[in-house]
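Text of model38.tsv (TSV, C-alpha atoms) as supplied:
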chain	number	residue	atom	x	y	z
A	3	MET	CA	-142.03	-135.32	72.82
A	4	THR	CA	-142.43	-135.66	76.58
A	5	ARG	CA	-142.04	-139.40	76.45
A	6	THR	CA	-138.30	-139.48	75.67
A	7	PRO	CA	-137.06	-138.57	79.17
A	8	LEU	CA	-139.31	-141.25	80.67
A	9	VAL	CA	-137.96	-143.92	78.36
A	10	LEU	CA	-134.40	-142.82	79.07
A	11	GLY	CA	-135.08	-142.89	82.80
A	12	ALA	CA	-136.46	-146.39	82.58
A	13	ALA	CA	-133.42	-147.56	80.63
A	14	LEU	CA	-131.09	-146.07	83.24
A	15	LEU	CA	-133.00	-147.78	86.04
A	16	LEU	CA	-132.78	-151.10	84.24
A	17	SER	CA	-129.06	-150.87	83.66
A	18	ALA	CA	-128.47	-149.80	87.27
A	19	CYS	CA	-130.45	-152.61	88.81
A	20	CYS	CA	-129.18	-155.61	86.95
A	21	GLY	CA	-125.42	-155.58	87.01
A	22	THR	CA	-124.19	-155.59	83.45
A	23	ARG	CA	-120.52	-155.37	84.37
A	24	ASN	CA	-117.89	-157.75	85.64
A	25	ASP	CA	-115.45	-154.97	86.59
A	26	LEU	CA	-112.92	-155.25	89.38
A	27	ILE	CA	-110.55	-152.79	91.01
A	28	VAL	CA	-108.00	-154.08	93.49
A	29	VAL	CA	-105.16	-152.39	95.36
A	30	LEU	CA	-101.82	-154.21	95.28
A	31	PRO	CA	-99.10	-154.15	97.92
A	32	GLY	CA	-96.22	-151.94	96.78
A	33	ALA	CA	-92.73	-153.40	96.43
A	34	ASP	CA	-91.66	-151.19	99.36
A	35	GLY	CA	-94.78	-152.08	101.37
A	36	HIS	CA	-96.33	-148.66	100.73
A	37	VAL	CA	-100.06	-148.61	99.97
A	38	GLY	CA	-101.58	-145.24	99.06
A	39	GLY	CA	-104.86	-146.37	97.66
A	40	VAL	CA	-107.48	-145.55	95.11
A	41	THR	CA	-110.82	-143.76	95.34
A	42	VAL	CA	-113.57	-145.34	93.27
A	43	GLU	CA	-116.56	-143.28	92.14
A	44	ALA	CA	-119.43	-145.19	90.58
A	45	ALA	CA	-123.18	-144.56	90.28
A	46	GLY	CA	-123.05	-141.63	92.70
A	47	ALA	CA	-121.15	-143.50	95.42
A	48	THR	CA	-117.50	-143.09	96.41
A	49	MET	CA	-115.34	-145.73	98.04
A	50	VAL	CA	-111.76	-145.55	99.26
A	51	LEU	CA	-109.59	-148.64	98.84
A	52	ASP	CA	-106.47	-148.16	100.95
A	53	LYS	CA	-105.31	-151.64	101.94
A	54	ALA	CA	-103.53	-154.31	99.95
A	55	TYR	CA	-106.01	-156.63	98.19
A	56	ALA	CA	-108.97	-154.38	99.03
A	57	GLY	CA	-111.25	-154.41	96.00
A	58	ALA	CA	-114.46	-153.03	94.52
A	59	LYS	CA	-116.81	-154.25	91.81
A	60	PRO	CA	-118.56	-151.20	90.32
A	61	GLY	CA	-121.38	-151.89	87.87
A	62	GLY	CA	-122.00	-155.32	89.34
A	63	GLN	CA	-125.05	-156.69	91.14
A	64	GLY	CA	-126.53	-154.32	93.73
A	65	ALA	CA	-124.74	-151.39	95.34
A	66	MET	CA	-120.95	-151.21	95.14
A	67	ALA	CA	-119.49	-152.91	98.21
A	68	PRO	CA	-115.92	-153.55	99.29
A	69	VAL	CA	-114.61	-156.99	98.43
A	70	GLU	CA	-111.68	-158.69	100.08
A	71	MET	CA	-109.54	-160.39	97.45
A	72	SER	CA	-106.88	-163.02	98.06
A	73	LYS	CA	-103.35	-162.75	96.67
A	74	THR	CA	-103.91	-166.00	94.76
A	75	GLU	CA	-107.14	-164.77	93.11
A	76	VAL	CA	-105.57	-161.46	92.10
A	77	GLU	CA	-102.46	-163.11	90.69
A	78	GLU	CA	-104.67	-165.43	88.66
A	79	ILE	CA	-107.06	-162.80	87.27
A	80	PHE	CA	-104.26	-160.36	86.40
A	81	ALA	CA	-101.53	-162.92	85.57
A	82	ASN	CA	-100.85	-161.57	82.06
A	83	ALA	CA	-100.99	-157.88	82.93
A	84	LEU	CA	-98.72	-158.43	85.94
A	85	ALA	CA	-96.23	-160.46	83.89
A	86	ALA	CA	-96.03	-157.55	81.40
A	87	ARG	CA	-94.95	-154.99	84.01
A	88	PRO	CA	-91.79	-153.15	83.00
A	89	ILE	CA	-88.71	-153.37	85.21
A	90	PRO	CA	-89.13	-150.46	87.65
A	91	PRO	CA	-86.86	-147.44	87.10
A	92	LYS	CA	-83.72	-147.54	89.23
A	93	SER	CA	-81.90	-144.47	90.58
A	94	TYR	CA	-78.25	-143.90	91.41
A	95	VAL	CA	-76.95	-140.92	93.38
A	96	LEU	CA	-73.57	-139.56	92.32
A	97	TYR	CA	-71.38	-136.93	93.95
A	98	PHE	CA	-68.80	-134.81	92.15
A	99	VAL	CA	-65.68	-132.99	93.17
A	100	THR	CA	-66.92	-129.49	94.03
A	101	GLY	CA	-67.65	-127.29	91.04
A	102	GLY	CA	-66.96	-129.82	88.30
A	103	THR	CA	-67.96	-133.04	86.60
A	104	THR	CA	-65.13	-135.10	88.10
A	105	LEU	CA	-66.69	-137.96	89.99
A	106	ALA	CA	-65.99	-138.08	93.72
A	107	PRO	CA	-63.90	-141.21	94.48
A	108	ASP	CA	-66.71	-142.74	96.55
A	109	SER	CA	-69.12	-142.57	93.62
A	110	GLN	CA	-67.12	-144.69	91.17
A	111	ALA	CA	-68.72	-147.95	92.35
A	112	THR	CA	-72.19	-146.37	91.96
A	113	MET	CA	-71.29	-145.26	88.44
A	114	ASP	CA	-70.19	-148.82	87.57
A	115	ALA	CA	-73.43	-150.26	88.96
A	116	MET	CA	-75.46	-147.71	86.95
A	117	LEU	CA	-73.67	-148.58	83.71
A	118	LYS	CA	-74.20	-152.28	84.36
A	119	GLU	CA	-77.95	-151.62	84.74
A	120	VAL	CA	-77.94	-149.64	81.48
A	121	GLY	CA	-76.48	-152.66	79.69
A	122	GLU	CA	-79.14	-155.01	81.03
A	123	ARG	CA	-82.25	-153.12	79.88
A	124	LYS	CA	-84.17	-153.08	76.61
A	125	ALA	CA	-85.20	-149.68	75.20
A	126	VAL	CA	-83.28	-148.03	78.00
A	127	GLU	CA	-83.83	-144.37	78.90
A	128	ILE	CA	-81.64	-142.30	81.20
A	129	VAL	CA	-82.76	-139.26	83.18
A	130	ILE	CA	-80.00	-137.17	84.74
A	131	THR	CA	-81.45	-135.01	87.53
A	132	GLY	CA	-79.48	-132.27	89.25
A	133	HIS	CA	-80.21	-131.28	92.87
A	134	THR	CA	-78.83	-128.42	94.96
A	135	ASP	CA	-78.69	-127.57	98.65
A	136	THR	CA	-80.67	-124.61	100.02
A	137	VAL	CA	-77.93	-121.97	99.62
A	138	GLY	CA	-79.12	-119.26	97.21
A	139	GLY	CA	-82.53	-118.47	95.73
A	140	ALA	CA	-84.93	-121.12	94.41
A	141	ALA	CA	-84.78	-119.87	90.81
A	142	ASP	CA	-80.96	-119.78	90.87
A	143	ASN	CA	-80.94	-123.32	92.20
A	144	ASP	CA	-83.26	-124.47	89.43
A	145	ARG	CA	-80.78	-123.11	86.91
A	146	LEU	CA	-77.74	-124.42	88.78
A	147	SER	CA	-79.19	-127.92	89.11
A	148	LEU	CA	-80.07	-128.04	85.42
A	149	GLU	CA	-76.60	-126.84	84.44
A	150	ARG	CA	-75.01	-129.49	86.63
A	151	ALA	CA	-77.23	-132.18	85.09
A	152	GLN	CA	-76.40	-130.96	81.57
A	153	ALA	CA	-72.67	-130.94	82.34
A	154	VAL	CA	-72.89	-134.53	83.56
A	155	GLU	CA	-74.94	-135.46	80.49
A	156	ALA	CA	-72.23	-134.01	78.24
A	157	ALA	CA	-69.50	-135.76	80.21
A	158	LEU	CA	-71.27	-139.13	79.92
A	159	ARG	CA	-72.50	-138.79	76.34
A	160	GLU	CA	-69.79	-141.00	74.84
A	161	THR	CA	-69.97	-143.50	77.67
A	162	PHE	CA	-73.69	-144.00	77.00
A	163	ALA	CA	-73.30	-143.99	73.21
A	164	ALA	CA	-70.64	-146.72	73.49
A	165	ARG	CA	-73.28	-148.84	75.24
A	166	GLY	CA	-75.79	-148.33	72.45
A	167	VAL	CA	-77.95	-145.74	74.22
A	168	MET	CA	-79.65	-143.45	71.71
A	169	SER	CA	-78.90	-139.77	72.30
A	170	ASP	CA	-82.64	-138.91	72.41
A	171	ALA	CA	-83.05	-141.41	75.26
A	172	VAL	CA	-80.93	-139.29	77.60
A	173	THR	CA	-82.44	-136.20	79.26
A	174	ALA	CA	-81.13	-133.68	81.79
A	175	VAL	CA	-83.48	-132.22	84.40
A	176	GLY	CA	-82.94	-129.68	87.21
A	177	ARG	CA	-84.98	-130.13	90.38
A	178	GLY	CA	-83.32	-127.28	92.27
A	179	GLU	CA	-83.78	-127.57	96.03
A	180	ARG	CA	-87.12	-129.40	95.94
A	181	GLU	CA	-85.84	-132.86	96.83
A	182	LEU	CA	-83.39	-132.55	99.70
A	183	LEU	CA	-81.73	-135.84	100.57
A	184	SER	CA	-80.84	-134.36	103.94
A	185	LYS	CA	-83.59	-132.01	105.17
A	186	THR	CA	-82.14	-128.65	106.20
A	187	ALA	CA	-83.34	-125.11	106.82
A	188	ASP	CA	-82.99	-122.54	104.03
A	189	GLN	CA	-79.47	-121.25	103.21
A	190	VAL	CA	-77.66	-124.32	104.56
A	191	SER	CA	-74.64	-125.64	102.70
A	192	GLU	CA	-75.04	-129.42	102.66
A	193	PRO	CA	-72.80	-131.55	100.43
A	194	LYS	CA	-75.27	-134.48	100.60
A	195	ASN	CA	-77.87	-132.33	98.83
A	196	ARG	CA	-75.54	-131.18	96.02
A	197	ARG	CA	-75.85	-134.27	93.93
A	198	VAL	CA	-76.84	-135.74	90.60
A	199	GLU	CA	-79.28	-138.60	90.40
A	200	ILE	CA	-79.20	-140.88	87.40
A	201	THR	CA	-82.40	-142.81	86.77
A	202	VAL	CA	-82.23	-145.80	84.45
A	203	ARG	CA	-85.59	-146.94	83.09
B	11	MET	CA	-67.57	-115.28	73.08
B	12	ALA	CA	-67.18	-118.33	70.90
B	13	ILE	CA	-68.94	-120.29	73.60
B	14	MET	CA	-71.85	-117.86	73.44
B	15	THR	CA	-72.25	-117.75	69.67
B	16	ALA	CA	-72.25	-121.50	69.02
B	17	PRO	CA	-75.50	-122.24	70.89
B	18	ARG	CA	-77.08	-119.12	69.45
B	19	ALA	CA	-76.31	-120.24	65.91
B	20	ARG	CA	-77.73	-123.66	66.71
B	21	CYS	CA	-80.87	-122.05	68.14
B	22	ALA	CA	-81.37	-120.05	64.97
B	23	ALA	CA	-81.16	-123.24	62.93
B	24	VAL	CA	-83.56	-125.05	65.23
B	25	CYS	CA	-86.01	-122.15	65.22
B	26	LEU	CA	-86.02	-122.14	61.43
B	27	ALA	CA	-86.62	-125.90	61.39
B	28	LEU	CA	-89.45	-125.44	63.88
B	29	ALA	CA	-91.06	-122.82	61.69
B	30	LEU	CA	-90.80	-124.90	58.51
B	31	SER	CA	-91.49	-128.45	59.59
B	32	PRO	CA	-95.03	-129.52	60.46
B	33	ALA	CA	-93.56	-132.48	62.38
B	34	ALA	CA	-91.89	-130.00	64.72
B	35	PHE	CA	-95.30	-129.35	66.24
B	36	ALA	CA	-95.66	-133.00	67.21
B	37	ALA	CA	-95.94	-133.37	70.97
B	38	GLU	CA	-93.22	-134.81	73.19
B	39	PRO	CA	-93.43	-138.52	73.86
B	40	ILE	CA	-95.05	-139.33	77.21
B	41	GLY	CA	-93.70	-142.83	77.58
B	42	GLN	CA	-92.07	-145.81	75.94
B	43	ILE	CA	-93.02	-149.44	75.46
B	44	LYS	CA	-90.69	-151.58	77.57
B	45	THR	CA	-92.31	-155.01	77.27
B	46	ALA	CA	-94.32	-156.50	74.40
B	47	ASN	CA	-95.48	-160.02	73.64
B	48	GLY	CA	-97.84	-161.25	70.92
B	49	THR	CA	-100.09	-159.01	68.84
B	50	ALA	CA	-100.71	-155.44	70.04
B	51	SER	CA	-100.96	-152.03	68.42
B	52	ILE	CA	-100.97	-148.29	68.95
B	53	GLU	CA	-103.82	-146.25	67.44
B	54	ARG	CA	-102.75	-142.69	66.72
B	55	ALA	CA	-104.67	-140.07	64.71
B	56	GLY	CA	-106.56	-142.67	62.69
B	57	ALA	CA	-103.50	-144.81	61.91
B	58	THR	CA	-102.38	-148.05	63.54
B	59	LYS	CA	-98.83	-149.20	64.20
B	60	PRO	CA	-97.48	-152.29	65.95
B	61	ALA	CA	-96.79	-151.88	69.67
B	62	VAL	CA	-93.21	-153.11	69.91
B	63	ILE	CA	-90.45	-152.61	72.49
B	64	GLY	CA	-88.85	-149.18	72.14
B	65	GLU	CA	-91.88	-147.54	70.52
B	66	ARG	CA	-92.70	-144.15	72.05
B	67	VAL	CA	-96.26	-143.33	73.09
B	68	PHE	CA	-97.98	-139.93	72.97
B	69	GLU	CA	-100.91	-138.15	74.57
B	70	SER	CA	-104.18	-139.29	72.90
B	71	ASP	CA	-102.76	-142.65	71.80
B	72	THR	CA	-104.87	-145.76	72.34
B	73	ILE	CA	-103.05	-148.99	73.11
B	74	VAL	CA	-104.84	-152.13	71.97
B	75	THR	CA	-103.86	-155.72	72.64
B	76	ALA	CA	-105.23	-158.79	70.85
B	77	ASP	CA	-103.57	-161.97	72.13
B	78	GLY	CA	-100.60	-159.95	73.36
B	79	THR	CA	-99.47	-157.88	76.33
B	80	VAL	CA	-97.74	-154.48	76.53
B	81	GLY	CA	-95.86	-152.73	79.34
B	82	ILE	CA	-95.24	-148.96	79.25
B	83	THR	CA	-93.06	-146.74	81.43
B	84	PHE	CA	-94.09	-143.07	81.34
B	85	VAL	CA	-91.83	-140.03	81.68
B	86	ASP	CA	-92.91	-139.49	85.31
B	87	ASN	CA	-91.84	-143.11	86.04
B	88	SER	CA	-95.42	-144.34	86.30
B	89	MET	CA	-96.06	-147.70	84.67
B	90	MET	CA	-99.01	-149.44	83.05
B	91	SER	CA	-99.17	-152.97	81.72
B	92	LEU	CA	-102.00	-154.38	79.63
B	93	GLY	CA	-103.21	-157.97	79.55
B	94	PRO	CA	-104.69	-159.49	76.37
B	95	GLN	CA	-107.96	-158.20	74.80
B	96	THR	CA	-107.41	-154.79	76.35
B	97	ARG	CA	-108.08	-151.26	75.15
B	98	LEU	CA	-106.47	-148.31	76.96
B	99	SER	CA	-106.68	-144.63	75.92
B	100	LEU	CA	-104.02	-142.20	77.15
B	101	ASP	CA	-106.42	-139.24	77.19
B	102	GLN	CA	-104.36	-136.55	78.85
B	103	PHE	CA	-100.79	-136.37	80.14
B	104	LYS	CA	-99.15	-133.19	81.43
B	105	PHE	CA	-95.91	-133.31	83.40
B	106	ASP	CA	-93.45	-130.64	84.49
B	107	ARG	CA	-90.10	-132.37	84.93
B	108	THR	CA	-88.80	-129.66	87.27
B	109	THR	CA	-91.77	-129.29	89.65
B	110	HIS	CA	-93.37	-132.72	89.01
B	111	ALA	CA	-96.76	-131.02	88.76
B	112	GLY	CA	-98.98	-132.81	86.29
B	113	THR	CA	-102.13	-134.64	85.27
B	114	PHE	CA	-102.53	-138.15	83.95
B	115	ASN	CA	-105.97	-139.18	82.70
B	116	ALA	CA	-106.49	-142.53	81.01
B	117	SER	CA	-109.48	-144.71	80.11
B	118	LEU	CA	-109.59	-148.46	80.30
B	119	LYS	CA	-112.33	-149.38	77.82
B	120	LYS	CA	-111.96	-153.12	78.31
B	121	GLY	CA	-109.54	-155.77	79.49
B	122	THR	CA	-107.03	-155.93	82.33
B	123	LEU	CA	-104.49	-153.38	83.48
B	124	ALA	CA	-101.82	-153.22	86.19
B	125	VAL	CA	-100.75	-149.72	87.26
B	126	LYS	CA	-97.97	-148.23	89.34
B	127	SER	CA	-98.22	-144.48	89.86
B	128	GLY	CA	-95.19	-142.21	89.53
B	129	GLN	CA	-93.94	-138.70	90.20
B	130	ILE	CA	-97.22	-136.99	89.19
B	131	VAL	CA	-99.11	-138.76	91.97
B	132	ARG	CA	-96.26	-138.45	94.48
B	133	GLN	CA	-96.35	-134.67	93.93
B	134	THR	CA	-100.16	-134.40	93.77
B	135	PRO	CA	-102.15	-137.36	95.14
B	136	GLY	CA	-105.25	-137.81	92.98
B	137	ALA	CA	-103.70	-136.19	89.88
B	138	MET	CA	-103.87	-139.55	88.09
B	139	ARG	CA	-107.38	-140.62	87.11
B	140	LEU	CA	-108.46	-143.76	85.37
B	141	LYS	CA	-111.90	-144.05	83.81
B	142	THR	CA	-113.59	-147.36	83.23
B	143	PRO	CA	-117.07	-147.96	81.74
B	144	ALA	CA	-118.42	-148.31	85.29
B	145	ALA	CA	-116.27	-146.05	87.48
B	146	LEU	CA	-113.84	-143.18	87.86
B	147	LEU	CA	-110.68	-143.93	89.86
B	148	GLY	CA	-108.60	-141.32	91.66
B	149	VAL	CA	-105.09	-142.58	92.34
B	150	ARG	CA	-103.30	-141.78	95.60
B	151	GLY	CA	-100.63	-144.42	94.98
B	152	THR	CA	-99.06	-146.72	94.30
B	153	GLU	CA	-99.98	-150.09	92.77
B	154	PHE	CA	-103.36	-151.44	91.71
B	155	ALA	CA	-105.03	-153.52	89.03
B	156	VAL	CA	-108.27	-153.05	87.11
B	157	ARG	CA	-110.52	-155.28	85.02
B	158	ALA	CA	-113.17	-153.80	82.74
B	159	ASP	CA	-115.42	-156.47	81.37
B	160	GLU	CA	-119.03	-157.13	80.37
B	161	ALA	CA	-120.82	-159.54	82.69
B	162	PRO	CA	-120.69	-163.09	81.26
Here is a file; write its structure as structure tokens.
Amino acid sequence: MTRTPLVLGAALLLSACCGTRNDLIVVLPGADGHVGGVTVEAAGATMVLDKAYAGAKPGGQGAMAPVEMSKTEVEEIFANALAARPIPPKSYVLYFVTGGTTLAPDSQATMDAMLKEVGERKAVEIVITGHTDTVGGAADNDRLSLERAQAVEAALRETFAARGVMSDAVTAVGRGERELLSKTADQVSEPKNRRVEITVR
Amino acid sequence: MAIMTAPRARCAAVCLALALSPAAFAAEPIGQIKTANGTASIERAGATKPAVIGERVFESDTIVTADGTVGITFVDNSMMSLGPQTRLSLDQFKFDRTTHAGTFNASLKKGTLAVKSGQIVRQTPGAMRLKTPAALLGVRGTEFAVRADEAP
């Protein structure tokens, strides 16, 4: 009975010493140049990878150590996975004549660009997100932003349907005053923040 | 008043449908397949269906590629794309569309994967975790790639 833990311990030691894995983790440069990074925990050790092409090989020979990868190597190893990346979601910010769903004149070109993008994607989804400024309470702004998004969704329903977008692929979301385009103090009327963002993905 | 009663009547109908239909308890989709090439499938509750463009994915699904590749965009705008001979489980996915609070836990059992984090990680760095047979990854953002493979 007492032998089992010993045998298990020996097996663990064996697997830890000999490197049974050919795993690789590598951070990629973001399209916008932003690199946040990844923490890697393996066999009781933690490593932070926070630079483009910084890598780690957990489960390999010896203790996990940072590895510097080249762009060429990474693009070769991950060629298929990278080629299968979806087109990133694209967002369009629209402004409306105060209190309604009539597009502000300046936003017509943005609307046209958004609809063009919709036509170019396969299995397209559309997220309509309402935003408010900081006038009023947070809960009221959540409701207001959702109502604005839903009104825009209703106004655009036929436009999207005419382009073959399924009705269940369109959603309305209210973000209230959480994502201010122009940072202001509380209770500041700011037209730039009263907007609807349409994300095409 | 007419404006008030119409949605209420619709709600009553929906509520009845919810109570009667077992499918109504099915979870919301967490993402959608946007790219697909070659042979790949989705394993869901013991059944297997082809992973084709437009197919929705759900929490607890496992995506499996043979000679093919699959690219998925999730509802928080994060993205994952699988190379061939890959097995990826979407273990847990919670996302609040209003606050962007959430959790995204996935396991790469084998193969190659490219990841771009989304709104969950932007709101809460580290809230996306990817498990591999050798390690646990905490994602702060934004793009990275992982290979899980037996030593040759």
Shell of 8 Å around segment 124-134 of chain A, only C-alpha atoms, local chain residues under 4 positions omitted, as a ChimeraX atom specification: /A:120,143,146-152,154-155,167,171-182,195-203 /B:42-44,63-64
Selection: 6 Å around Thr122 of chain B, all atoms listed in the file, excl. self and same-chain fewer than 2 positions, as number ranges by chain: B: 92-93, 156-157
Distance filter 9 Å, all atoms listed in the file, chain A against chain B, as a PyMOL selection string: chain A and resi 21-33+36-45+52+54-55+59-62+76+79-91+123-127+144+175-178+180+203
Polymer residues at most 7 Å from segment 49-59 of chain B, all atoms listed in the file, same-chain spacing of 5 or more positions, as a PyMOL selection string: chain B and resi 71-79
Hey, can I get the axis-aligned box for segment 119-136 of chain B? All listed atoms, 3 Å padding on each side, centre and edge lengths in Å to one decimal, as AutoDock Vina command-line options.
--center_x -103.1 --center_y -145.2 --center_z 86.5 --size_x 24.4 --size_y 27.5 --size_z 23.3
Between atom CA of Gly121 of chain A and atom CA of Ala164 of chain A - distance in Å to one decimal: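 Computing it gives 10.4 Å between the two atoms.
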Neighbour list for Ile130 of chain B as a PyMOL selection string, cut-off 8 Å, only C-alpha atoms, skip fewer than 6 positions in-chain: chain B and resi 86+105+110-114+137-138
Length of the atom CA of Ala157 of chain A to atom CA of Leu105 of chain A vector [Å]: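 Separation of atom CA of Ala157 of chain A and atom CA of Leu105 of chain A: 10.4 Å.
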Could you please fill out segment 70-89 of chain B with N, CA and C atoms and send it back as an mmCIF file, in the frame of the given file?
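Heads up, here's the output in part20.cif:
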data_model
loop_
_atom_site.group_PDB
_atom_site.id
_atom_site.type_symbol
_atom_site.label_atom_id
_atom_site.label_comp_id
_atom_site.auth_asym_id
_atom_site.auth_seq_id
_atom_site.Cartn_x
_atom_site.Cartn_y
_atom_site.Cartn_z
ATOM 1 N N SER B 70 -103.074 -138.946 73.819
ATOM 2 C CA SER B 70 -104.180 -139.290 72.900
ATOM 3 C C SER B 70 -104.011 -140.624 72.179
ATOM 4 N N ASP B 71 -102.901 -141.311 72.378
ATOM 5 C CA ASP B 71 -102.760 -142.650 71.800
ATOM 6 C C ASP B 71 -103.731 -143.613 72.488
ATOM 7 N N THR B 72 -104.143 -144.645 71.734
ATOM 8 C CA THR B 72 -104.870 -145.760 72.340
ATOM 9 C C THR B 72 -104.053 -147.024 72.113
ATOM 10 N N ILE B 73 -103.823 -147.756 73.197
ATOM 11 C CA ILE B 73 -103.050 -148.990 73.110
ATOM 12 C C ILE B 73 -104.038 -150.156 73.109
ATOM 13 N N VAL B 74 -103.883 -151.037 72.132
ATOM 14 C CA VAL B 74 -104.840 -152.130 71.970
ATOM 15 C C VAL B 74 -104.080 -153.453 71.897
ATOM 16 N N THR B 75 -104.480 -154.396 72.736
ATOM 17 C CA THR B 75 -103.860 -155.720 72.640
ATOM 18 C C THR B 75 -104.874 -156.717 72.103
ATOM 19 N N ALA B 76 -104.397 -157.671 71.303
ATOM 20 C CA ALA B 76 -105.230 -158.790 70.850
ATOM 21 C C ALA B 76 -104.866 -159.974 71.744
ATOM 22 N N ASP B 77 -104.010 -160.872 71.259
ATOM 23 C CA ASP B 77 -103.570 -161.970 72.130
ATOM 24 C C ASP B 77 -102.343 -161.571 72.944
ATOM 25 N N GLY B 78 -101.872 -160.340 72.761
ATOM 26 C CA GLY B 78 -100.600 -159.950 73.360
ATOM 27 C C GLY B 78 -100.707 -159.169 74.648
ATOM 28 N N THR B 79 -99.545 -158.753 75.156
ATOM 29 C CA THR B 79 -99.470 -157.880 76.330
ATOM 30 C C THR B 79 -98.475 -156.759 76.023
ATOM 31 N N VAL B 80 -98.630 -155.641 76.722
ATOM 32 C CA VAL B 80 -97.740 -154.480 76.530
ATOM 33 C C VAL B 80 -97.459 -153.845 77.879
ATOM 34 N N GLY B 81 -96.211 -153.462 78.111
ATOM 35 C CA GLY B 81 -95.860 -152.730 79.340
ATOM 36 C C GLY B 81 -95.222 -151.406 78.978
ATOM 37 N N ILE B 82 -95.720 -150.315 79.578
ATOM 38 C CA ILE B 82 -95.240 -148.960 79.250
ATOM 39 C C ILE B 82 -94.695 -148.293 80.504
ATOM 40 N N THR B 83 -93.543 -147.622 80.372
ATOM 41 C CA THR B 83 -93.060 -146.740 81.430
ATOM 42 C C THR B 83 -93.193 -145.304 80.935
ATOM 43 N N PHE B 84 -93.847 -144.459 81.730
ATOM 44 C CA PHE B 84 -94.090 -143.070 81.340
ATOM 45 C C PHE B 84 -92.966 -142.174 81.858
ATOM 46 N N VAL B 85 -92.945 -140.925 81.359
ATOM 47 C CA VAL B 85 -91.830 -140.030 81.680
ATOM 48 C C VAL B 85 -91.832 -139.576 83.149
ATOM 49 N N ASP B 86 -92.923 -139.803 83.873
ATOM 50 C CA ASP B 86 -92.910 -139.490 85.310
ATOM 51 C C ASP B 86 -92.620 -140.749 86.119
ATOM 52 N N ASN B 87 -92.164 -141.818 85.433
ATOM 53 C CA ASN B 87 -91.840 -143.110 86.040
ATOM 54 C C ASN B 87 -93.071 -143.914 86.438
ATOM 55 N N SER B 88 -94.276 -143.472 86.072
ATOM 56 C CA SER B 88 -95.420 -144.340 86.300
ATOM 57 C C SER B 88 -95.400 -145.457 85.257
ATOM 58 N N MET B 89 -96.093 -146.543 85.568
ATOM 59 C CA MET B 89 -96.060 -147.700 84.670
ATOM 60 C C MET B 89 -97.458 -148.279 84.507
#
